[in-house]
Structures are given as structure tokens and as C-alpha cells.
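Undergrad: For reference, this is structure_37.txt, and it has compact mmCIF, C-alpha atoms (C1' of nucleotides).
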# COMPACT_ATOMS: atom_id res chain seq x y z
CA MET A 1 -17.02 -55.50 70.25
CA LYS A 2 -19.24 -54.51 73.07
CA SER A 3 -16.50 -53.24 75.37
CA ASN A 4 -17.47 -49.64 74.81
CA SER A 5 -20.83 -49.84 76.47
CA TYR A 6 -19.37 -52.08 79.14
CA LEU A 7 -16.72 -49.47 79.71
CA LEU A 8 -19.31 -46.82 80.17
CA PHE A 9 -21.04 -48.94 82.74
CA VAL A 10 -18.06 -49.94 84.82
CA LYS A 11 -16.46 -46.53 84.79
CA ALA A 12 -19.62 -44.84 85.94
CA PHE A 13 -20.03 -47.41 88.63
CA GLY A 14 -16.41 -47.56 89.72
CA SER A 15 -16.23 -44.47 91.86
CA PRO A 16 -16.33 -43.98 95.63
CA ILE A 17 -18.61 -40.99 95.59
CA ARG A 18 -21.02 -42.38 93.05
CA LEU A 19 -21.15 -45.57 95.05
CA LYS A 20 -22.07 -43.59 98.16
CA ILE A 21 -24.73 -41.67 96.30
CA LEU A 22 -26.27 -44.91 95.08
CA GLU A 23 -26.24 -46.26 98.62
CA GLN A 24 -28.08 -43.16 99.78
CA LEU A 25 -30.72 -43.54 97.13
CA LYS A 26 -31.21 -47.20 97.98
CA ASN A 27 -33.37 -46.19 100.90
CA SER A 28 -35.42 -43.45 99.27
CA PRO A 29 -35.39 -40.85 96.48
CA LYS A 30 -33.65 -37.64 97.49
CA SER A 31 -32.98 -34.11 96.35
CA VAL A 32 -29.45 -32.96 95.64
CA MET A 33 -29.18 -31.04 98.89
CA GLN A 34 -30.46 -34.01 100.86
CA ILE A 35 -27.70 -36.12 99.38
CA CYS A 36 -25.17 -33.38 100.05
CA SER A 37 -26.02 -33.03 103.68
CA SER A 38 -26.31 -36.71 104.45
CA LEU A 39 -22.91 -37.36 102.86
CA GLY A 40 -21.28 -34.08 103.85
CA PHE A 41 -20.34 -33.25 100.26
CA GLU A 42 -20.55 -30.03 98.30
CA GLN A 43 -23.40 -29.36 95.98
CA SER A 44 -21.49 -29.16 92.74
CA LYS A 45 -19.54 -32.29 93.54
CA VAL A 46 -22.78 -34.16 93.97
CA SER A 47 -24.36 -32.61 90.91
CA HIS A 48 -21.45 -33.55 88.68
CA ASN A 49 -21.59 -37.11 89.86
CA LEU A 50 -25.35 -37.31 89.59
CA ARG A 51 -25.02 -36.20 85.98
CA CYS A 52 -22.73 -39.11 85.37
CA LEU A 53 -25.10 -41.53 87.05
CA ILE A 54 -27.97 -40.16 84.98
CA ASP A 55 -26.01 -40.42 81.74
CA CYS A 56 -25.22 -44.02 82.44
CA GLY A 57 -28.73 -44.91 83.48
CA PHE A 58 -28.15 -45.76 87.14
CA VAL A 59 -30.50 -43.07 88.38
CA LYS A 60 -33.35 -40.97 87.05
CA ASN A 61 -34.82 -37.69 88.24
CA ARG A 62 -37.95 -35.63 88.21
CA ARG A 63 -38.60 -32.02 88.95
CA ASP A 64 -40.43 -31.07 92.14
CA GLY A 65 -40.81 -27.31 92.15
CA LYS A 66 -37.37 -25.84 92.57
CA LYS A 67 -35.97 -29.16 93.63
CA ARG A 68 -34.99 -32.12 91.59
CA ILE A 69 -35.59 -35.54 93.04
CA TYR A 70 -33.21 -38.35 92.18
CA SER A 71 -34.09 -42.01 92.44
CA LEU A 72 -32.46 -45.34 91.67
CA ASN A 73 -32.86 -47.37 88.55
CA LYS A 74 -33.61 -50.32 90.79
CA GLU A 75 -33.77 -52.82 87.98
CA THR A 76 -30.04 -52.54 87.48
CA VAL A 77 -28.69 -51.29 90.77
CA VAL A 78 -30.41 -53.64 93.20
CA PRO A 79 -29.18 -56.89 91.62
CA LEU A 80 -25.79 -55.30 91.21
CA PHE A 81 -25.54 -54.62 94.92
CA LYS A 82 -26.67 -58.17 95.61
CA ILE A 83 -23.82 -59.61 93.59
CA ILE A 84 -21.35 -57.36 95.31
CA ASP A 85 -22.69 -58.31 98.75
CA LYS A 86 -22.35 -61.96 97.92
CA HIS A 87 -18.86 -61.55 96.53
CA ILE A 88 -17.73 -59.61 99.56
CA SER A 89 -19.11 -62.09 102.05
CA LYS A 90 -17.42 -64.95 100.23
CA ASN A 91 -14.05 -63.21 99.91
CA LYS A 92 -13.93 -61.02 102.98
CA GLU A 93 -10.50 -61.85 104.43
CA HIS A 94 -8.86 -61.76 101.05
CA LEU A 95 -10.25 -58.41 99.93
CA ILE A 96 -8.66 -56.53 102.81
CA GLU A 97 -5.19 -56.80 101.30
CA CYS A 98 -5.88 -55.40 97.86
CA GLY A 99 -3.53 -52.68 96.67
CA VAL A 100 -5.79 -50.65 94.37
CA ILE A 101 -7.53 -48.79 97.11
CA SER A 102 -6.55 -45.35 98.28
CA GLU A 103 -9.43 -44.20 100.42
CA MET B 1 -20.62 -48.93 106.81
CA LYS B 2 -19.78 -51.39 104.11
CA SER B 3 -18.61 -48.87 101.54
CA ASN B 4 -14.98 -49.88 101.91
CA SER B 5 -15.36 -53.36 100.55
CA TYR B 6 -17.79 -52.08 97.95
CA LEU B 7 -15.21 -49.53 96.97
CA LEU B 8 -12.64 -52.20 96.52
CA PHE B 9 -14.98 -54.11 94.28
CA VAL B 10 -16.12 -51.29 92.05
CA LYS B 11 -12.68 -49.76 91.66
CA ALA B 12 -11.14 -53.04 90.66
CA PHE B 13 -13.95 -53.63 88.23
CA GLY B 14 -14.16 -50.10 86.87
CA SER B 15 -11.25 -50.15 84.47
CA PRO B 16 -11.09 -50.56 80.70
CA ILE B 17 -8.15 -52.89 80.68
CA ARG B 18 -9.37 -55.07 83.50
CA LEU B 19 -12.70 -55.30 81.79
CA LYS B 20 -11.03 -56.47 78.60
CA ILE B 21 -8.98 -59.02 80.50
CA LEU B 22 -12.12 -60.39 82.12
CA GLU B 23 -13.78 -60.61 78.71
CA GLN B 24 -10.82 -62.59 77.43
CA LEU B 25 -11.00 -65.01 80.31
CA LYS B 26 -14.73 -65.50 79.82
CA ASN B 27 -13.99 -67.89 77.00
CA SER B 28 -11.16 -69.86 78.54
CA PRO B 29 -8.31 -69.68 81.06
CA LYS B 30 -5.18 -68.08 79.63
CA SER B 31 -1.55 -67.41 80.41
CA VAL B 32 -0.31 -63.85 80.75
CA MET B 33 1.29 -63.85 77.32
CA GLN B 34 -1.85 -65.22 75.73
CA ILE B 35 -3.78 -62.31 77.18
CA CYS B 36 -1.07 -59.90 76.08
CA SER B 37 -1.06 -61.03 72.49
CA SER B 38 -4.79 -61.29 72.08
CA LEU B 39 -5.25 -57.78 73.45
CA GLY B 40 -2.05 -56.29 72.06
CA PHE B 41 -0.89 -55.10 75.47
CA GLU B 42 2.48 -55.19 77.16
CA GLN B 43 3.33 -57.90 79.62
CA SER B 44 3.85 -55.75 82.68
CA LYS B 45 0.69 -53.81 82.02
CA VAL B 46 -1.26 -57.03 81.99
CA SER B 47 0.53 -58.43 85.03
CA HIS B 48 -0.18 -55.34 87.10
CA ASN B 49 -3.82 -55.48 86.24
CA LEU B 50 -4.05 -59.20 86.83
CA ARG B 51 -2.63 -58.64 90.28
CA CYS B 52 -5.43 -56.24 90.98
CA LEU B 53 -8.02 -58.68 89.69
CA ILE B 54 -6.53 -61.41 91.86
CA ASP B 55 -6.48 -59.19 94.93
CA CYS B 56 -10.11 -58.37 94.51
CA GLY B 57 -11.14 -61.95 93.81
CA PHE B 58 -12.28 -61.65 90.21
CA VAL B 59 -9.74 -64.14 88.92
CA LYS B 60 -7.58 -66.90 90.29
CA ASN B 61 -4.43 -68.53 88.93
CA ARG B 62 -2.42 -71.71 89.01
CA ARG B 63 1.12 -72.48 87.98
CA ASP B 64 1.74 -74.55 84.89
CA GLY B 65 5.49 -75.03 84.61
CA LYS B 66 6.96 -71.66 83.75
CA LYS B 67 3.57 -70.27 82.90
CA ARG B 68 0.81 -69.08 85.11
CA ILE B 69 -2.73 -69.73 84.01
CA TYR B 70 -5.41 -67.23 84.93
CA SER B 71 -9.10 -68.05 85.08
CA LEU B 72 -12.31 -66.31 86.02
CA ASN B 73 -14.08 -66.42 89.34
CA LYS B 74 -17.22 -67.29 87.43
CA GLU B 75 -19.46 -67.17 90.45
CA THR B 76 -19.10 -63.41 90.61
CA VAL B 77 -18.12 -62.38 87.12
CA VAL B 78 -20.69 -64.23 85.05
CA PRO B 79 -23.78 -62.82 86.79
CA LEU B 80 -22.11 -59.43 86.78
CA PHE B 81 -21.76 -59.52 83.02
CA LYS B 82 -25.37 -60.60 82.73
CA ILE B 83 -26.60 -57.58 84.62
CA ILE B 84 -24.46 -55.31 82.50
CA ASP B 85 -25.72 -56.90 79.29
CA LYS B 86 -29.29 -56.42 80.38
CA HIS B 87 -28.71 -52.83 81.41
CA ILE B 88 -27.01 -52.02 78.14
CA SER B 89 -29.71 -53.54 75.99
CA LYS B 90 -32.39 -51.63 77.91
CA ASN B 91 -30.56 -48.30 77.78
CA LYS B 92 -28.67 -48.51 74.53
CA GLU B 93 -29.51 -45.19 72.86
CA HIS B 94 -29.14 -43.26 76.07
CA LEU B 95 -25.74 -44.62 77.04
CA ILE B 96 -24.04 -43.30 73.91
CA GLU B 97 -24.23 -39.72 75.16
CA CYS B 98 -22.53 -40.16 78.51
CA GLY B 99 -19.70 -37.76 79.29
CA VAL B 100 -17.53 -39.87 81.62
CA ILE B 101 -15.85 -41.85 78.94
CA SER B 102 -12.49 -40.97 77.49
CA GLU B 103 -11.56 -43.96 75.43
C1' DA C 1 -39.53 -8.06 86.30
C1' DC C 2 -36.64 -8.93 90.27
C1' DT C 3 -35.02 -11.87 94.01
C1' DT C 4 -34.29 -16.18 95.98
C1' DC C 5 -33.73 -21.02 96.24
C1' DA C 6 -32.14 -25.38 94.12
C1' DT C 7 -29.43 -27.28 90.91
C1' DA C 8 -26.31 -27.47 86.77
C1' DT C 9 -22.26 -26.55 84.26
C1' DG C 10 -17.55 -25.08 82.51
C1' DA C 11 -12.89 -24.35 83.31
C1' DC C 12 -9.12 -24.94 86.13
C1' DT C 13 -6.48 -27.46 89.70
C1' DA C 14 -5.67 -31.35 92.56
C1' DA C 15 -5.81 -36.19 93.41
C1' DT C 16 -5.62 -40.82 91.77
C1' DA C 17 -4.83 -44.46 88.79
C1' DA C 18 -2.51 -46.51 84.71
C1' DT C 19 1.68 -47.21 81.94
C1' DT C 20 6.32 -47.78 81.22
C1' DC C 21 10.90 -49.20 82.10
C1' DA C 22 14.26 -51.54 84.43
C1' DT C 23 14.92 -55.23 87.13
C1' DA C 24 13.76 -59.31 90.14
C1' DT C 25 12.02 -63.93 90.78
C1' DG C 26 11.33 -68.59 89.93
C1' DA C 27 10.70 -72.81 87.26
C1' DA C 28 12.79 -75.81 83.99
C1' DA C 29 16.16 -77.13 80.50
C1' DA C 30 20.91 -77.36 78.89
C1' DT D 1 24.81 -74.06 87.90
C1' DT D 2 23.96 -71.04 84.32
C1' DT D 3 20.83 -69.75 80.79
C1' DT D 4 16.32 -69.05 79.24
C1' DC D 5 11.49 -68.41 79.38
C1' DA D 6 7.37 -66.58 81.77
C1' DT D 7 5.80 -63.61 84.91
C1' DA D 8 6.03 -60.22 88.82
C1' DT D 9 7.22 -56.00 90.94
C1' DG D 10 8.95 -51.19 92.28
C1' DA D 11 9.64 -46.64 91.07
C1' DA D 12 8.97 -42.94 88.12
C1' DT D 13 6.18 -40.78 84.61
C1' DT D 14 2.03 -39.87 82.29
C1' DA D 15 -2.84 -39.90 81.77
C1' DT D 16 -7.34 -39.77 83.63
C1' DT D 17 -10.69 -38.60 86.84
C1' DA D 18 -12.48 -35.97 90.61
C1' DG D 19 -13.08 -31.63 93.11
C1' DT D 20 -13.41 -26.70 93.46
C1' DC D 21 -14.88 -22.24 92.35
C1' DA D 22 -17.29 -19.04 89.84
C1' DT D 23 -21.13 -18.55 87.33
C1' DA D 24 -25.42 -19.92 84.72
C1' DT D 25 -30.09 -21.58 84.56
C1' DG D 26 -34.65 -22.09 85.79
C1' DA D 27 -38.70 -22.39 88.75
C1' DA D 28 -41.51 -19.74 92.21
C1' DG D 29 -42.67 -16.25 95.02
C1' DT D 30 -42.81 -11.03 95.76
How would this structure read if it were set down as C-alpha cells?

TA:
Amino acid sequence: MKSNSYLLFVKAFGSPIRLKILEQLKNSPKSVMQICSSLGFEQSKVSHNLRCLIDCGFVKNRRDGKKRIYSLNKETVVPLFKIIDKHISKNKEHLIECGVISE
Amino acid sequence: MKSNSYLLFVKAFGSPIRLKILEQLKNSPKSVMQICSSLGFEQSKVSHNLRCLIDCGFVKNRRDGKKRIYSLNKETVVPLFKIIDKHISKNKEHLIECGVISE
DNA sequence: ACTTCATATGACTAATAATTCATATGAAAA
DNA sequence: TTTTCATATGAATTATTAGTCATATGAAGT
């Protein structure tokens, strides 16, 4: 069964903060501190979540002196966002009422 | 910001059991008990998660006498699975090592 | 080599989500 | 109209995930 890799994918993706990080990186590659300050999050919080995104292949990074620059794996993330956009625009009214959300 | 609807989407999608339910429905529409027995899960567990999938627009249902038949919103779910498949096949070795997974 | 800056990581705690259990609802058959 | 079958739901418990804090690492400059 291929659920295990699927699981990996959806769990990594299914998180508010990781979603926000991906949205940040959509525009341009960024260092950890850049992400922190634009989102108002702590460094280690962002680092932990970036690790997860790296592990699951949604982002990659490269060293730049002392910094580390993170960028999107666009091949996966861009079409993913497109599907979500489409789904949301087609189901807007309905989605408001869902009970899973806490934030 | 559109994070809120995105959030809704990714949280609903980012769950092992909901993923498995969606995989079941990929083949054909099913009643709650059919899903239960093919996955070996309890009825209320499945019902709760189906509610979430309904709320977020991934599945729809219709009554059939005493039963209720659930089916996929293929327009969203099928392309979603395609992207995941592609991502997994391109990142197979790497994905194994990810630390987010518990199951 | 030591200090600093940028990031990573581990362990603990806090927040959130999933599961269970008991019960409710609602359609159909007796 | 009551019994049964199929599913839904609420509340409480348990499990999982995220966040925090302290500390480690590692590159670069002094």
C-alpha cells in the first residue's frame, strides 16, 4: 500500500505554520530570520518546521555564508496551491462552516 | 490573506484516516459500514472523519434508504492524488527519512 | 583560537486533534 | 407505533503534534 508515503506528504503539508512558510517562499527564497520576521515567529519554531518541509521535499536550501537560504520545490508546491485555490473558489461558502479548524 | 481557507483545506486533508477513506472512495462510492469494514475501523471514527471531509468539500453523500453513500469530489481529489504520486515518485528515497511521521 | 552571527536540535511542556463510548436520529419494516 | 438497522453526534479521554527553552553547531571575522 502506498499510504505511508502519502501520509508523509499530507502530514507535512497539513499544518498552519508550514503553510505560511510555503506562502512566504512562494514569492522568493528567504533565510530563516527573514521568514521569522515576516511571520513574527521565533527562530527555533521556524527551523523545526523548515526541517520538516525539507524532509518531505517541499523546500530545499543552500548555504550562503552564515545564512541558509530556503526555497520552494516549485514543481510540487505550485500546482498544489493551484488546486487548493480552485477548490476554495468553488466551495467558498461551504468551507466557512467546517468544524476541524481551531485557528 | 487567504491562509484561513488554505488552512481548512490542508488540515482536513492532512490526516492518516481521512487519507485512507479518500483512497477507499477513489475506486467507488461506499456506505459508512463498507468503509469501516474495508479499513477495519469503528463506525463512529469513520463518521466523524467523513463529517470533516464533507465540511471541507472533499466528499459528498446521498441517502439510499437507511444507508448513506459517500463519494469523492473527484474534481479536487483526483488531481491532488496525481500531484502527490508524482512528488513521491520523484523523491522516494528521500521521503523515507522524514521525522514527522508517527504511524 | 576566540567571538559573533545564523541556524539547528533535543527535551520538555502546551496545544490540538483523534478516538472512544454512550446516546440520538431517522428511515424503513414488522 | 415499536423495533431494527445505519449513521450521526456530543462529551470525555487519549494520542499526536507544535512550541519553547536551553544549548549545540558551524561559518566568518577578529

Undergrad: Which distance in Å separates C1' of DT4 in chain C and C1' of DG26 in chain D, to one decimal?

TA: 11.8 Å

Undergrad: Give me the chain D side of the contact with chain B, cut-off 10 Å, one line per residue showing its nearest atom pair and distance in Å at one decimal, counting only C-alpha atoms (C1' of nucleotides), sorted by chain and residue number, as a Markdown table.

TA:
| residue | atom | partner | partner_atom | distance |
| --- | --- | --- | --- | --- |
| D:DC5 | C1' | B:Lys66 | CA | 7.1 |
| D:DA6 | C1' | B:Lys67 | CA | 5.4 |
| D:DT7 | C1' | B:Lys67 | CA | 7.3 |
| D:DA8 | C1' | B:Ser47 | CA | 6.9 |
| D:DT9 | C1' | B:His48 | CA | 8.4 |
| D:DT16 | C1' | B:Ser102 | CA | 8.1 |
| D:DT17 | C1' | B:Val100 | CA | 8.7 |

Undergrad: Compare B:Asp64, B:Lys30, B:Ile54, B:Val59 by their minimum atom-to-atom distance to DA28 in chain C, counting only C-alpha atoms (C1' of nucleotides), and give me the closest one.

TA: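 When distances to DA28 in chain C are compared using only C-alpha atoms (C1' of nucleotides), the smallest one comes from B:Asp64.
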
Undergrad: Which residue out of B:Leu95, B:Ile17, B:Cys56, B:Ile69 has the minimum interatomic distance to chain C when all atoms listed in the file are used?

TA: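 Closest residue, counting all atoms listed in the file: B:Ile17.
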
Undergrad: In Å to one decimal, how far is CA of Ile21 in chain B from CA of Ile88 in chain B?

TA: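 Interatomic distance, CA of Ile88 in chain B to CA of Ile21 in chain B: 19.5 Å.
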
Undergrad: What does the distance from CA of Leu50 in chain A to CA of Val78 in chain B come to in Å, to one decimal?

TA: 27.7 Å

Undergrad: Using all atoms listed in the file, find the one residue out of A:Ser5, A:Asn73, A:Ser38, A:Asn91 that sits nearest to Lys26 in chain A.

TA: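 Closest candidate: A:Asn73.
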
Undergrad: Every residue with an atom at most 12 Å from (-39.0, -8.7, 87.8) (file coordinates; all atoms listed in the file) is what I'm after, so could you write them as a PyMOL selection string?

TA: (chain C and resi 1-3) or (chain D and resi 29-30)

Undergrad: Given a cut-off of 6 Å, which residues of chain A touch chain B, counting all atoms listed in the file, written out as a PyMOL selection string?

TA: chain A and resi 7+10-11+14+16+55-56+95+98

Undergrad: Keeping only C-alpha atoms, write the selected residues as a PDB file, keeping the file's coordinate frame.

TA:
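Resulting contents of selection.pdb:
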ATOM      1  CA  LEU A   7     -16.720 -49.470  79.710  1.00  0.00           C
ATOM      2  CA  VAL A  10     -18.060 -49.940  84.820  1.00  0.00           C
ATOM      3  CA  LYS A  11     -16.460 -46.530  84.790  1.00  0.00           C
ATOM      4  CA  GLY A  14     -16.410 -47.560  89.720  1.00  0.00           C
ATOM      5  CA  PRO A  16     -16.330 -43.980  95.630  1.00  0.00           C
ATOM      6  CA  ASP A  55     -26.010 -40.420  81.740  1.00  0.00           C
ATOM      7  CA  CYS A  56     -25.220 -44.020  82.440  1.00  0.00           C
ATOM      8  CA  LEU A  95     -10.250 -58.410  99.930  1.00  0.00           C
ATOM      9  CA  CYS A  98      -5.880 -55.400  97.860  1.00  0.00           C
TER      10      CYS A  98
END

Undergrad: Would you write out, as JSON lines, a table of all residues in chain C that have an atom no more than 9 Å from an atom of chain A, listing for each the closest atom pair and the distance in Å to one decimal, considering all atoms listed in the file and ordering rows by chain and rising residue number?

TA:
{"residue": "C:DC5", "atom": "C1'", "partner": "A:Lys66", "partner_atom": "CA", "distance": 7.1}
{"residue": "C:DA6", "atom": "C1'", "partner": "A:Lys67", "partner_atom": "CA", "distance": 5.4}
{"residue": "C:DT7", "atom": "C1'", "partner": "A:Lys67", "partner_atom": "CA", "distance": 7.3}
{"residue": "C:DA8", "atom": "C1'", "partner": "A:Ser47", "partner_atom": "CA", "distance": 6.9}
{"residue": "C:DT9", "atom": "C1'", "partner": "A:His48", "partner_atom": "CA", "distance": 8.3}
{"residue": "C:DT16", "atom": "C1'", "partner": "A:Ser102", "partner_atom": "CA", "distance": 8.0}
{"residue": "C:DA17", "atom": "C1'", "partner": "A:Val100", "partner_atom": "CA", "distance": 8.4}

Undergrad: Report as a ChimeraX atom specification all protein, DNA and RNA residues lying within 10 Å of DT20 in chain D, evaluated on all atoms listed in the file, omitting residues in the same chain fewer than 3 positions from it.

TA: /A:42,44-45 /C:12-14

Undergrad: Could you tell me, as a VMD selection string, which residues have any atom at most 7 Å from (-12.3, -34.2, 92.2), counting only C-alpha atoms (C1' of nucleotides)?

TA: (chain C and resid 15) or (chain D and resid 18 to 19)

Undergrad: To test the calculation: enclose all listed atoms of range 67-76 of chain B in a box whose edges run along x, y and z, add 6 Å on each side, then state centre and edge lengths in Å to one decimal, as JSON.

TA:
{"center_x": -7.9, "center_y": -66.8, "center_z": 86.8, "size_x": 35.0, "size_y": 18.9, "size_z": 19.7}
